[in-house]
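Here is the file upload_1.txt (compact mmCIF, C-alpha atoms and all ligand atoms).
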```txt
# COMPACT_ATOMS: atom_id res chain seq x y z
CA MET A 1130 0.58 -64.32 -10.76
CA ALA A 1131 0.99 -67.37 -13.00
CA ALA A 1132 4.07 -68.46 -11.08
CA VAL A 1133 2.20 -67.98 -7.80
CA GLY A 1134 -0.52 -70.12 -9.36
CA SER A 1135 2.04 -72.80 -10.11
CA ALA A 1136 3.46 -72.71 -6.61
CA VAL A 1137 0.12 -72.61 -4.81
CA GLY A 1138 -1.47 -75.99 -5.36
CA LEU A 1139 -2.43 -79.26 -3.77
CA GLY A 1140 0.96 -79.01 -2.06
CA ASN A 1141 -0.23 -76.08 0.06
CA ILE A 1142 -3.79 -77.01 0.82
CA TRP A 1143 -3.81 -80.81 0.69
CA ARG A 1144 -0.21 -81.82 1.44
CA PHE A 1145 1.15 -79.12 3.78
CA PRO A 1146 -1.44 -79.52 6.55
CA TYR A 1147 -1.11 -83.30 6.74
CA ILE A 1148 2.69 -83.29 6.58
CA CYS A 1149 2.76 -80.53 9.17
CA GLY A 1150 0.35 -82.57 11.30
CA LYS A 1151 2.46 -85.69 10.88
CA TYR A 1152 5.73 -84.05 11.90
CA GLY A 1153 4.53 -82.13 14.91
CA GLY A 1154 2.95 -78.82 13.90
CA GLY A 1155 4.70 -75.56 14.92
CA ALA A 1156 8.30 -76.80 14.97
CA PHE A 1157 7.87 -78.22 11.48
CA LEU A 1158 6.42 -74.92 10.31
CA LEU A 1159 9.50 -73.01 11.47
CA VAL A 1160 11.93 -75.35 9.73
CA TYR A 1161 9.75 -75.26 6.63
CA LEU A 1162 9.87 -71.45 6.55
CA CYS A 1163 13.67 -71.47 6.80
CA PHE A 1164 13.94 -73.94 3.91
CA ALA A 1165 11.40 -72.12 1.77
CA PHE A 1166 13.26 -68.81 1.96
CA GLY A 1167 16.79 -70.18 2.44
CA ILE A 1168 16.85 -72.86 -0.26
CA GLY A 1169 13.58 -73.05 -2.20
CA MET A 1170 13.57 -69.39 -3.13
CA VAL A 1171 17.24 -69.54 -4.12
CA LEU A 1172 16.53 -72.52 -6.39
CA MET A 1173 13.65 -70.60 -7.90
CA MET A 1174 15.89 -67.62 -8.65
CA SER A 1175 18.43 -69.96 -10.26
CA GLU A 1176 15.75 -71.47 -12.51
CA PHE A 1177 14.45 -68.02 -13.41
CA VAL A 1178 17.97 -66.89 -14.34
CA ILE A 1179 18.51 -69.97 -16.53
CA GLY A 1180 15.15 -69.48 -18.24
CA ARG A 1181 15.36 -65.74 -18.78
CA ARG A 1182 19.00 -65.78 -19.86
CA SER A 1183 18.42 -68.50 -22.45
CA ARG A 1184 14.77 -67.84 -23.39
CA HIS A 1185 14.43 -71.58 -23.94
CA THR A 1186 12.77 -74.60 -22.32
CA PRO A 1187 15.00 -76.71 -20.03
CA MET A 1188 16.89 -78.95 -22.50
CA ARG A 1189 17.88 -76.19 -24.88
CA ALA A 1190 18.39 -73.76 -22.03
CA PHE A 1191 21.15 -75.91 -20.52
CA ALA A 1192 22.70 -76.57 -23.92
CA SER A 1193 22.68 -72.94 -24.99
CA LEU A 1194 24.17 -71.63 -21.75
CA SER A 1195 27.17 -73.95 -21.92
CA PRO A 1196 27.73 -74.52 -25.64
CA ARG A 1197 30.87 -76.57 -25.12
CA ARG A 1198 29.38 -78.94 -22.55
CA LYS A 1199 26.19 -80.07 -24.16
CA GLY A 1200 25.81 -83.08 -21.82
CA TRP A 1201 24.15 -80.78 -19.28
CA ARG A 1202 21.08 -80.78 -21.44
CA TYR A 1203 20.22 -84.18 -19.98
CA ILE A 1204 19.49 -82.40 -16.71
CA GLY A 1205 16.86 -80.51 -18.68
CA LEU A 1206 15.55 -83.81 -19.99
CA LEU A 1207 15.41 -85.15 -16.44
CA GLY A 1208 13.29 -82.11 -15.58
CA ILE A 1209 10.89 -82.95 -18.39
CA VAL A 1210 10.63 -86.58 -17.26
CA THR A 1211 10.00 -85.36 -13.71
CA CYS A 1212 7.22 -83.05 -14.89
CA PHE A 1213 5.69 -85.94 -16.78
CA PHE A 1214 5.48 -88.24 -13.77
CA ILE A 1215 4.44 -85.51 -11.36
CA LEU A 1216 1.63 -84.39 -13.64
CA SER A 1217 0.24 -87.92 -13.95
CA GLN A 1218 -0.10 -88.22 -10.19
CA TYR A 1219 -1.27 -84.63 -9.93
CA PHE A 1220 -4.10 -85.32 -12.37
CA VAL A 1221 -5.24 -88.30 -10.29
CA ILE A 1222 -5.48 -86.29 -7.08
CA SER A 1223 -6.98 -83.29 -8.89
CA GLY A 1224 -9.61 -85.67 -10.29
CA TRP A 1225 -10.46 -86.80 -6.74
CA THR A 1226 -10.80 -83.16 -5.77
CA LEU A 1227 -13.10 -82.33 -8.64
CA SER A 1228 -15.21 -85.37 -7.88
CA TYR A 1229 -15.48 -84.33 -4.20
CA PHE A 1230 -16.52 -80.87 -5.33
CA PHE A 1231 -19.43 -82.45 -7.20
CA ASP A 1232 -20.24 -84.64 -4.22
CA ALA A 1233 -20.26 -81.55 -2.03
CA VAL A 1234 -22.50 -79.54 -4.33
CA THR A 1235 -24.97 -82.36 -4.89
CA GLY A 1236 -25.17 -82.97 -1.14
CA ARG A 1237 -23.82 -86.51 -1.38
CA LEU A 1238 -21.05 -85.84 1.16
CA ALA A 1239 -23.59 -84.30 3.52
CA THR A 1240 -25.74 -87.44 3.49
CA MET A 1241 -22.93 -89.30 5.26
CA GLY A 1242 -23.42 -87.12 8.34
CA GLN A 1243 -20.82 -87.35 11.08
CA ASP A 1244 -20.18 -90.99 10.51
CA ALA A 1245 -16.36 -91.00 10.25
CA ALA A 1246 -16.29 -94.67 9.27
CA ALA A 1247 -18.75 -94.13 6.40
CA ILE A 1248 -16.77 -91.14 5.13
CA GLY A 1249 -13.50 -93.08 5.31
CA CYS A 1250 -15.11 -96.03 3.55
CA TYR A 1251 -16.46 -93.79 0.83
CA PHE A 1252 -12.97 -92.42 0.13
CA THR A 1253 -11.45 -95.90 -0.09
CA GLU A 1254 -14.27 -97.19 -2.24
CA PHE A 1255 -14.11 -94.20 -4.54
CA SER A 1256 -10.34 -94.01 -4.94
CA THR A 1257 -10.04 -97.72 -5.64
CA SER A 1258 -12.96 -97.88 -8.06
CA ALA A 1259 -12.32 -98.03 -11.79
CA SER A 1260 -14.39 -95.57 -13.72
CA ARG A 1261 -15.23 -92.51 -11.60
CA PRO A 1262 -11.65 -91.42 -10.77
CA VAL A 1263 -10.62 -91.94 -14.41
CA VAL A 1264 -13.55 -89.92 -15.70
CA PHE A 1265 -12.80 -87.03 -13.36
CA LEU A 1266 -9.07 -87.02 -14.02
CA THR A 1267 -9.83 -86.93 -17.74
CA VAL A 1268 -12.21 -83.97 -17.34
CA PHE A 1269 -9.63 -82.18 -15.26
CA ALA A 1270 -6.85 -82.87 -17.78
CA LEU A 1271 -8.99 -81.56 -20.65
CA LEU A 1272 -9.79 -78.42 -18.66
CA THR A 1273 -6.07 -77.83 -18.16
CA ALA A 1274 -5.44 -78.39 -21.88
CA VAL A 1275 -8.07 -75.81 -22.85
CA VAL A 1276 -6.27 -73.14 -20.84
CA ILE A 1277 -2.93 -74.06 -22.41
CA LEU A 1278 -4.43 -73.97 -25.88
CA CYS A 1279 -5.61 -70.41 -25.28
CA GLY A 1280 -1.97 -69.37 -25.03
CA VAL A 1281 0.43 -68.00 -22.41
CA GLN A 1282 -1.18 -64.57 -22.07
CA LYS A 1283 -4.80 -65.22 -23.01
CA GLY A 1284 -4.89 -68.59 -21.26
CA ILE A 1285 -2.43 -68.93 -18.40
CA GLU A 1286 -2.11 -65.27 -17.48
CA ALA A 1287 -5.82 -64.48 -17.76
CA VAL A 1288 -6.89 -67.54 -15.76
CA SER A 1289 -4.27 -66.96 -13.05
CA LYS A 1290 -5.24 -63.31 -12.63
CA VAL A 1291 -8.85 -64.24 -11.95
CA LEU A 1292 -8.45 -67.51 -10.08
CA MET A 1293 -5.70 -66.61 -7.63
CA PRO A 1294 -7.62 -63.74 -5.98
CA VAL A 1295 -10.74 -65.95 -5.89
CA LEU A 1296 -8.68 -68.62 -4.17
CA VAL A 1297 -7.48 -66.18 -1.51
CA VAL A 1298 -11.01 -64.94 -0.82
CA LEU A 1299 -12.35 -68.50 -0.48
CA LEU A 1300 -9.51 -69.43 1.83
CA VAL A 1301 -10.08 -66.39 4.05
CA VAL A 1302 -13.80 -67.23 4.28
CA LEU A 1303 -12.87 -70.75 5.40
CA CYS A 1304 -10.36 -69.41 7.95
CA ILE A 1305 -12.97 -67.13 9.49
CA ARG A 1306 -15.44 -70.01 9.78
CA SER A 1307 -12.83 -72.29 11.26
CA LEU A 1308 -11.63 -69.73 13.80
CA THR A 1309 -15.14 -69.11 15.05
CA LEU A 1310 -15.80 -72.76 15.85
CA PRO A 1311 -15.75 -73.73 19.57
CA GLY A 1312 -12.29 -74.84 20.74
CA ALA A 1313 -10.56 -73.35 17.69
CA SER A 1314 -7.67 -72.01 19.79
CA ARG A 1315 -6.29 -75.52 20.32
CA GLY A 1316 -5.77 -75.82 16.57
CA LEU A 1317 -3.99 -72.49 16.45
CA SER A 1318 -1.65 -73.34 19.26
CA TYR A 1319 -0.93 -76.68 17.59
CA LEU A 1320 0.11 -74.84 14.44
CA PHE A 1321 1.95 -71.91 15.98
CA SER A 1322 3.57 -73.08 19.21
CA PRO A 1323 6.68 -74.99 18.25
CA ASP A 1324 7.54 -78.07 20.27
CA PHE A 1325 10.97 -79.14 19.06
CA SER A 1326 10.81 -82.43 20.94
CA LYS A 1327 8.27 -83.52 18.33
CA LEU A 1328 10.52 -82.72 15.39
CA SER A 1329 12.52 -85.67 14.05
CA ALA A 1330 15.38 -85.75 11.52
CA GLU A 1331 12.87 -87.26 9.12
CA GLY A 1332 10.64 -84.24 9.69
CA VAL A 1333 13.48 -81.87 8.80
CA LEU A 1334 14.07 -83.70 5.51
CA ALA A 1335 10.36 -83.74 4.80
CA ALA A 1336 10.31 -79.97 5.34
CA LEU A 1337 12.89 -79.45 2.60
CA GLY A 1338 11.06 -81.78 0.23
CA GLN A 1339 7.80 -79.99 0.97
CA ALA A 1340 9.37 -76.55 0.44
CA MET A 1341 10.72 -77.60 -2.96
CA PHE A 1342 7.50 -79.25 -4.11
CA SER A 1343 5.44 -76.34 -2.91
CA LEU A 1344 7.58 -73.79 -4.74
CA SER A 1345 7.52 -75.89 -7.93
CA VAL A 1346 11.29 -76.09 -8.10
CA GLY A 1347 13.44 -79.02 -9.17
CA MET A 1348 11.70 -79.91 -12.42
CA GLY A 1349 12.36 -77.10 -14.82
CA VAL A 1350 8.90 -75.52 -14.70
CA MET A 1351 10.33 -72.28 -13.34
CA ILE A 1352 12.89 -72.34 -16.16
CA VAL A 1353 10.01 -72.25 -18.63
CA TYR A 1354 8.19 -69.52 -16.71
CA GLY A 1355 11.50 -67.67 -16.34
CA SER A 1356 11.86 -67.62 -20.09
CA TYR A 1357 8.64 -65.56 -20.25
CA ILE A 1358 9.67 -62.99 -17.60
CA PRO A 1359 10.26 -59.48 -19.02
CA ALA A 1360 13.88 -58.28 -19.05
CA SER A 1361 13.08 -55.39 -16.71
CA ASP A 1362 11.70 -57.46 -13.80
CA ASP A 1363 13.78 -57.87 -10.67
CA LEU A 1364 14.17 -61.65 -10.28
CA PHE A 1365 14.96 -61.38 -6.56
CA ARG A 1366 11.79 -59.43 -5.80
CA THR A 1367 9.69 -61.66 -8.05
CA SER A 1368 10.96 -64.80 -6.32
CA MET A 1369 10.49 -63.21 -2.90
CA TRP A 1370 6.86 -62.38 -3.67
CA ILE A 1371 6.14 -65.84 -5.02
CA THR A 1372 7.74 -67.53 -2.01
CA ALA A 1373 5.98 -65.24 0.47
CA SER A 1374 2.58 -65.80 -1.18
CA ASP A 1375 3.12 -69.53 -1.32
CA VAL A 1376 4.09 -69.76 2.33
CA LEU A 1377 1.21 -67.51 3.33
CA ILE A 1378 -1.31 -69.71 1.55
CA ALA A 1379 0.14 -72.81 3.21
CA VAL A 1380 -0.13 -71.17 6.64
CA LEU A 1381 -3.67 -69.97 5.92
CA SER A 1382 -4.60 -73.51 4.90
CA GLY A 1383 -3.30 -74.67 8.27
CA VAL A 1384 -5.39 -71.97 9.95
CA ALA A 1385 -8.46 -73.11 8.01
CA ILE A 1386 -7.94 -76.78 8.75
CA PHE A 1387 -6.43 -77.37 12.23
CA PRO A 1388 -8.90 -75.38 14.37
CA ALA A 1389 -11.77 -77.13 12.59
CA VAL A 1390 -10.18 -80.56 13.03
CA PHE A 1391 -9.52 -79.99 16.77
CA SER A 1392 -12.94 -78.51 17.29
CA CYS A 1393 -14.47 -81.78 16.06
CA GLY A 1394 -12.14 -83.84 18.25
CA LEU A 1395 -10.43 -85.42 15.24
CA GLU A 1396 -6.81 -86.38 14.59
CA PRO A 1397 -4.53 -83.71 13.05
CA ALA A 1398 -2.10 -86.34 11.75
CA GLY A 1399 -4.72 -87.67 9.37
CA GLY A 1400 -2.24 -88.50 6.59
CA PRO A 1401 -3.01 -88.06 2.89
CA GLY A 1402 -6.69 -88.63 3.68
CA LEU A 1403 -6.85 -85.48 5.83
CA SER A 1404 -8.68 -83.46 3.16
CA TYR A 1405 -10.87 -86.29 1.92
CA CYS A 1406 -11.61 -88.34 5.04
CA VAL A 1407 -11.27 -85.95 7.97
CA LEU A 1408 -12.54 -82.65 6.60
CA PRO A 1409 -15.93 -83.91 5.35
CA ASN A 1410 -16.65 -84.81 9.02
CA VAL A 1411 -15.84 -81.25 9.96
CA PHE A 1412 -18.15 -79.82 7.29
CA ASN A 1413 -20.95 -82.20 8.17
CA SER A 1414 -20.71 -81.19 11.81
CA MET A 1415 -21.62 -77.66 10.75
CA GLY A 1416 -24.95 -79.11 9.74
CA GLY A 1417 -27.41 -78.61 6.87
CA VAL A 1418 -26.86 -75.97 4.23
CA THR A 1419 -23.87 -74.38 6.02
CA GLY A 1420 -21.96 -77.66 5.83
CA VAL A 1421 -22.80 -78.10 2.15
CA VAL A 1422 -21.73 -74.53 1.33
CA PHE A 1423 -18.42 -74.74 3.19
CA SER A 1424 -17.48 -78.13 1.81
CA ALA A 1425 -18.28 -76.91 -1.71
CA ILE A 1426 -16.09 -73.84 -1.09
CA PHE A 1427 -13.24 -75.99 0.17
CA PHE A 1428 -13.22 -78.44 -2.74
CA LEU A 1429 -13.63 -75.62 -5.25
CA LEU A 1430 -10.64 -73.89 -3.67
CA LEU A 1431 -8.61 -77.08 -3.89
CA SER A 1432 -9.64 -77.61 -7.52
CA ILE A 1433 -8.62 -74.07 -8.48
CA ALA A 1434 -5.26 -74.45 -6.76
CA ALA A 1435 -4.72 -77.77 -8.54
CA LEU A 1436 -5.69 -76.30 -11.90
CA THR A 1437 -3.18 -73.44 -11.88
CA SER A 1438 -0.41 -75.84 -10.87
CA SER A 1439 -1.34 -78.42 -13.51
CA ILE A 1440 -1.31 -75.63 -16.06
CA SER A 1441 2.33 -74.88 -15.29
CA LEU A 1442 3.35 -78.53 -15.58
CA LEU A 1443 1.49 -79.00 -18.85
CA GLU A 1444 2.88 -75.73 -20.20
CA ALA A 1445 6.44 -76.87 -19.47
CA LEU A 1446 5.87 -80.18 -21.25
CA SER A 1447 4.03 -78.68 -24.17
CA ALA A 1448 6.54 -75.84 -24.69
CA TRP A 1449 9.34 -78.42 -24.63
CA LEU A 1450 7.66 -80.48 -27.34
CA VAL A 1451 7.04 -77.39 -29.46
CA GLU A 1452 10.73 -76.54 -29.22
CA THR A 1453 11.96 -80.09 -29.77
CA LEU A 1454 9.66 -81.32 -32.54
CA ARG A 1455 8.84 -77.88 -33.94
CA THR A 1456 5.16 -78.84 -33.84
CA ARG A 1457 2.34 -76.38 -33.35
CA ARG A 1458 1.27 -75.66 -29.79
CA PHE A 1459 -2.09 -77.27 -30.49
CA VAL A 1460 -0.55 -80.55 -31.63
CA SER A 1461 2.03 -80.75 -28.87
CA THR A 1462 -0.54 -80.03 -26.17
CA LEU A 1463 -2.84 -82.74 -27.47
CA ILE A 1464 -0.02 -85.28 -27.64
CA ILE A 1465 1.11 -84.55 -24.10
CA VAL A 1466 -2.35 -84.47 -22.64
CA ALA A 1467 -3.29 -87.79 -24.27
CA ALA A 1468 -0.12 -89.39 -22.93
CA GLU A 1469 -0.76 -87.93 -19.47
CA ILE A 1470 -4.35 -89.17 -19.38
CA ALA A 1471 -3.13 -92.66 -20.30
CA LEU A 1472 -0.43 -92.69 -17.61
CA ALA A 1473 -2.68 -91.09 -14.98
CA SER A 1474 -5.38 -93.69 -15.68
CA ILE A 1475 -2.87 -96.49 -15.06
CA VAL A 1476 -1.75 -94.75 -11.87
CA SER A 1477 -5.37 -94.45 -10.75
CA LEU A 1478 -6.37 -98.01 -11.67
CA SER A 1479 -3.37 -99.38 -9.80
CA ASN A 1480 -5.13 -98.27 -6.61
CA GLY A 1481 -7.78 -100.91 -7.17
CA MET A 1482 -8.50 -103.06 -10.18
CA TRP A 1483 -4.87 -103.18 -11.33
CA SER A 1484 -3.26 -103.44 -7.94
CA HIS A 1485 -1.36 -106.49 -9.22
CA LEU A 1486 0.60 -104.09 -11.45
CA GLN A 1487 3.68 -103.78 -9.25
CA VAL A 1488 7.14 -102.31 -9.58
CA GLY A 1489 9.72 -103.54 -7.07
CA GLY A 1490 7.01 -104.66 -4.65
CA ASP A 1491 5.11 -101.35 -4.78
CA THR A 1492 1.81 -100.72 -6.52
CA PHE A 1493 2.26 -98.52 -9.57
CA PHE A 1494 0.70 -95.60 -7.64
CA ASP A 1495 3.26 -95.96 -4.84
CA PHE A 1496 6.07 -96.41 -7.37
CA VAL A 1497 5.18 -93.13 -9.11
CA ASP A 1498 4.79 -91.48 -5.71
CA ARG A 1499 8.29 -92.67 -4.77
CA LEU A 1500 9.75 -91.36 -8.03
CA ASN A 1501 8.03 -88.02 -7.49
CA SER A 1502 8.96 -87.51 -3.88
CA ILE A 1503 12.29 -89.24 -3.38
CA TYR A 1504 14.19 -89.67 -6.62
CA LEU A 1505 13.43 -87.29 -9.45
CA PRO A 1506 13.03 -83.77 -7.96
CA PRO A 1507 16.11 -83.82 -5.69
CA LEU A 1508 18.25 -85.26 -8.52
CA CYS A 1509 17.03 -82.70 -11.01
CA ALA A 1510 17.39 -79.82 -8.53
CA PHE A 1511 20.92 -81.01 -7.70
CA GLY A 1512 21.92 -81.07 -11.37
CA THR A 1513 20.36 -77.65 -11.95
CA VAL A 1514 22.08 -76.00 -9.02
CA LEU A 1515 25.46 -77.56 -9.91
CA PHE A 1516 25.13 -76.27 -13.43
CA PHE A 1517 24.03 -72.85 -12.27
CA ALA A 1518 26.72 -72.39 -9.63
CA TRP A 1519 29.71 -74.15 -11.18
CA VAL A 1520 29.23 -74.29 -14.96
CA MET A 1521 27.30 -71.24 -16.08
CA PRO A 1522 29.58 -68.18 -16.40
CA GLU A 1523 29.28 -66.11 -13.23
CA ALA A 1524 29.22 -62.91 -15.26
CA ASP A 1525 25.99 -64.08 -16.93
CA VAL A 1526 24.40 -64.82 -13.58
CA ARG A 1527 25.31 -61.41 -12.17
CA ASP A 1528 24.21 -59.69 -15.31
CA GLU A 1529 20.81 -61.36 -15.14
CA LEU A 1530 20.30 -60.72 -11.43
CA THR A 1531 21.29 -57.06 -11.72
CA ASN A 1532 19.39 -56.51 -14.99
CA HIS A 1533 22.62 -55.63 -16.81
CA GLY A 1534 24.00 -53.56 -13.94
CA VAL A 1535 20.86 -51.53 -13.23
CA LEU A 1536 20.02 -53.23 -9.89
CA ARG A 1537 22.39 -53.52 -6.96
CA ALA A 1538 21.78 -57.11 -5.80
CA VAL A 1539 23.30 -56.61 -2.32
CA TYR A 1540 22.23 -60.15 -1.40
CA TYR A 1541 24.56 -61.63 -4.03
CA PRO A 1542 27.41 -62.98 -1.80
CA VAL A 1543 24.94 -64.85 0.42
CA PHE A 1544 23.05 -66.10 -2.63
CA ARG A 1545 26.30 -67.32 -4.20
CA PHE A 1546 27.29 -69.17 -1.05
CA ILE A 1547 23.94 -70.92 -0.87
CA VAL A 1548 23.91 -72.05 -4.51
CA ARG A 1549 27.52 -73.18 -4.45
CA TRP A 1550 27.60 -75.02 -1.13
CA LEU A 1551 24.53 -75.09 1.04
CA ALA A 1552 21.86 -76.07 -1.49
CA PRO A 1553 23.87 -78.90 -3.14
CA LEU A 1554 24.84 -80.24 0.28
CA ALA A 1555 21.25 -80.16 1.54
CA LEU A 1556 20.04 -81.91 -1.62
CA VAL A 1557 22.67 -84.65 -1.33
CA VAL A 1558 21.79 -85.24 2.31
CA VAL A 1559 18.07 -85.44 1.51
CA PHE A 1560 18.63 -87.75 -1.41
CA LEU A 1561 21.00 -90.15 0.35
CA THR A 1562 18.94 -90.28 3.51
CA SER A 1563 15.76 -90.99 1.60
CA ILE A 1564 17.17 -93.80 -0.48
CA LEU A 1565 19.13 -95.38 2.36
CA THR A 1566 16.35 -95.37 4.96
N1 LIG A 1601 3.74 -76.40 -6.34
C1 LIG A 1601 2.64 -77.26 -6.61
C2 LIG A 1601 1.89 -77.53 -5.33
O1 LIG A 1601 2.28 -77.03 -4.27
O2 LIG A 1601 0.89 -78.22 -5.39
C3 LIG A 1601 3.05 -78.56 -7.23
C4 LIG A 1601 3.94 -78.42 -8.42
C5 LIG A 1601 3.53 -77.70 -9.51
C6 LIG A 1601 5.16 -78.98 -8.37
C7 LIG A 1601 4.38 -77.53 -10.57
C8 LIG A 1601 6.01 -78.82 -9.41
C9 LIG A 1601 5.63 -78.09 -10.51
F1 LIG A 1601 6.46 -77.97 -11.47
```

This entry written out as structure tokens:
Amino acid sequence: MAAVGSAVGLGNIWRFPYICGKYGGGAFLLVYLCFAFGIGMVLMMSEFVIGRRSRHTPMRAFASLSPRRKGWRYIGLLGIVTCFFILSQYFVISGWTLSYFFDAVTGRLATMGQDAAAIGCYFTEFSTSASRPVVFLTVFALLTAVVILCGVQKGIEAVSKVLMPVLVVLLVVLCIRSLTLPGASRGLSYLFSPDFSKLSAEGVLAALGQAMFSLSVGMGVMIVYGSYIPASDDLFRTSMWITASDVLIAVLSGVAIFPAVFSCGLEPAGGPGLSYCVLPNVFNSMGGVTGVVFSAIFFLLLSIAALTSSISLLEALSAWLVETLRTRRFVSTLIIVAAEIALASIVSLSNGMWSHLQVGGDTFFDFVDRLNSIYLPPLCAFGTVLFFAWVMPEADVRDELTNHGVLRAVYYPVFRFIVRWLAPLALVVVFLTSILT
């Protein structure tokens, strides 16, 4: 449940619908499904194997599984760096979400009515302002830290077991509302009837990136969670469940969002502002209390999803520091969270007041976004899969996947082919295309 919580996040509810909208709807969805099960799930299994076999966080895990080639531990370090940058940006967007939740509950969003320009303006004004985003990202970061400080079982596990079912219920309520709006069927056919003429090569690459981000692979988090998995669990089944739940939530988010967007005559390719600029119009069109209730439900849902994902990122970082510096969990969590709040505040301020803070012509926000989407995760995933398929002893891999010979693992030859050839090739293509175009 905790790993599902990590996978299901802003990536499913905020990012998936707008990326899917941008790259043509149904056709994108099909390609995305193939990548999620064909590559994302395989990468997840590889990370689980590395984590459970070594029972360490990424750096030590790599070092301990190939004692004579210790250089591989830098792939683990790359994972930690990736987590660090991703979490800073994640905190910023989670802070926006929390702030919108408050705006929904207090009725502030509702006062803007169906004035799309006013809602758009509010988002720009808010996200470029100095104090409010920083305050909310700080509150959100502290909330995440509290869960981590309660421990893996009493914090992460307990919170995930309660919040994930709540999330599903809220999402289903939203889907029902959306499907009963006039003209909802247009949204459904947009999502489910593939039109391959709309799918570009760029869309295919985006689908792989989205599948990896959504499944939380390519940054070592699943190595850390893998190190907590009991020896008797079947890693194939676990990964299959996580992937299926993740994909299902992404599709349900599409079902909640597209019919509502079409029903209001708005644009499905709304970009990153889809949740914050387009959806408030949809809620306001429901009118009065209904609109307030549904917008509060939506932003609560998004905040919960963001929280369980942030928890996994902070846990990976904090566990790494505990292992590296031999500090107490309390100390390491505080150090990491303070550093993350500082970095996230810079990222947030660079949207407005500090927009002069540029790296290579990009604002700092766009620079971190580039690192997080183009450079770090594919590189780290590539290193991990190379290590897993070509360096780690195959006997160890088999042993871990079959639980020391107890399970049959009939899928193994296909799995082996994917980790040795298909996944590295796909990652190289994605990486090269993204940096060269
Ligand atoms: N999978 C999360 C999402 O879809 O929002 C994002 C994420 C969490 C990525 C944790 C990576 C990670 F390690």

One decimal, in Å: what's the spacing between CA of Tyr1540 in chain A and CA of Gly1355 in chain A?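 Going from CA of Tyr1540 in chain A over to CA of Gly1355 in chain A, I get 19.9 Å.
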
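Take atom C7 of ligand LIG 1601 (chain A) and CA of Ile1426 in chain A: the distance between them is 22.9 Å.
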
Show me which residues line ligand LIG 1601 (chain A), defined as having an atom within 6 Å of a ligand atom where all atoms listed in the file count, and present them as a ChimeraX atom specification. /A:1135-1141,1342-1345,1348,1350,1438,1441-1442

Hey, what's within 9 Å of Leu1334 in chain A if we count only C-alpha atoms and toss same-chain stuff fewer than 2 positions away? As a VMD selection string, please? chain A and resid 1329 to 1332 1336 to 1339 1555 1558 to 1559 1562 to 1563

Looking at only C-alpha atoms, which of A:Glu1529, A:Gly1153, A:Tyr1405, A:Ala1270 is the one that sits closest to Ala1467 in chain A?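 Closest to Ala1467 in chain A of all the choices is A:Ala1270.
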
Near-Glu1396 in chain A list (9 Å; only C-alpha atoms; drop same-chain fewer than 6 positions) as an MDAnalysis selection string: chainID A and resid 1150 1390 1403 1407

Fewer than 6 positions away in the same chain doesn't count, so skip those; otherwise give me all residues within 12 Å of Arg1182 in chain A, counting only C-alpha atoms, as a PDB file with C-alpha atoms, in the coordinates of the input.
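Listing of part04.pdb after writing:
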```
ATOM      1  CA  MET A1174      15.890 -67.620  -8.650  1.00  0.00           C
ATOM      2  CA  SER A1175      18.430 -69.960 -10.260  1.00  0.00           C
ATOM      3  CA  GLU A1176      15.750 -71.470 -12.510  1.00  0.00           C
ATOM      4  CA  ARG A1189      17.880 -76.190 -24.880  1.00  0.00           C
ATOM      5  CA  ALA A1190      18.390 -73.760 -22.030  1.00  0.00           C
ATOM      6  CA  PHE A1191      21.150 -75.910 -20.520  1.00  0.00           C
ATOM      7  CA  SER A1193      22.680 -72.940 -24.990  1.00  0.00           C
ATOM      8  CA  LEU A1194      24.170 -71.630 -21.750  1.00  0.00           C
ATOM      9  CA  SER A1195      27.170 -73.950 -21.920  1.00  0.00           C
ATOM     10  CA  ILE A1352      12.890 -72.340 -16.160  1.00  0.00           C
ATOM     11  CA  VAL A1353      10.010 -72.250 -18.630  1.00  0.00           C
ATOM     12  CA  TYR A1354       8.190 -69.520 -16.710  1.00  0.00           C
ATOM     13  CA  GLY A1355      11.500 -67.670 -16.340  1.00  0.00           C
ATOM     14  CA  SER A1356      11.860 -67.620 -20.090  1.00  0.00           C
ATOM     15  CA  TYR A1357       8.640 -65.560 -20.250  1.00  0.00           C
ATOM     16  CA  ILE A1358       9.670 -62.990 -17.600  1.00  0.00           C
ATOM     17  CA  PRO A1359      10.260 -59.480 -19.020  1.00  0.00           C
ATOM     18  CA  ALA A1360      13.880 -58.280 -19.050  1.00  0.00           C
ATOM     19  CA  LEU A1364      14.170 -61.650 -10.280  1.00  0.00           C
ATOM     20  CA  PHE A1517      24.030 -72.850 -12.270  1.00  0.00           C
ATOM     21  CA  MET A1521      27.300 -71.240 -16.080  1.00  0.00           C
ATOM     22  CA  PRO A1522      29.580 -68.180 -16.400  1.00  0.00           C
ATOM     23  CA  ALA A1524      29.220 -62.910 -15.260  1.00  0.00           C
ATOM     24  CA  ASP A1525      25.990 -64.080 -16.930  1.00  0.00           C
ATOM     25  CA  VAL A1526      24.400 -64.820 -13.580  1.00  0.00           C
ATOM     26  CA  ARG A1527      25.310 -61.410 -12.170  1.00  0.00           C
ATOM     27  CA  ASP A1528      24.210 -59.690 -15.310  1.00  0.00           C
ATOM     28  CA  GLU A1529      20.810 -61.360 -15.140  1.00  0.00           C
ATOM     29  CA  LEU A1530      20.300 -60.720 -11.430  1.00  0.00           C
ATOM     30  CA  ASN A1532      19.390 -56.510 -14.990  1.00  0.00           C
ATOM     31  CA  HIS A1533      22.620 -55.630 -16.810  1.00  0.00           C
TER      32      HIS A1533
END
```

Quick one, how far is CA of Ser1217 in chain A from CA of Leu1431 in chain A? 17.2 Å
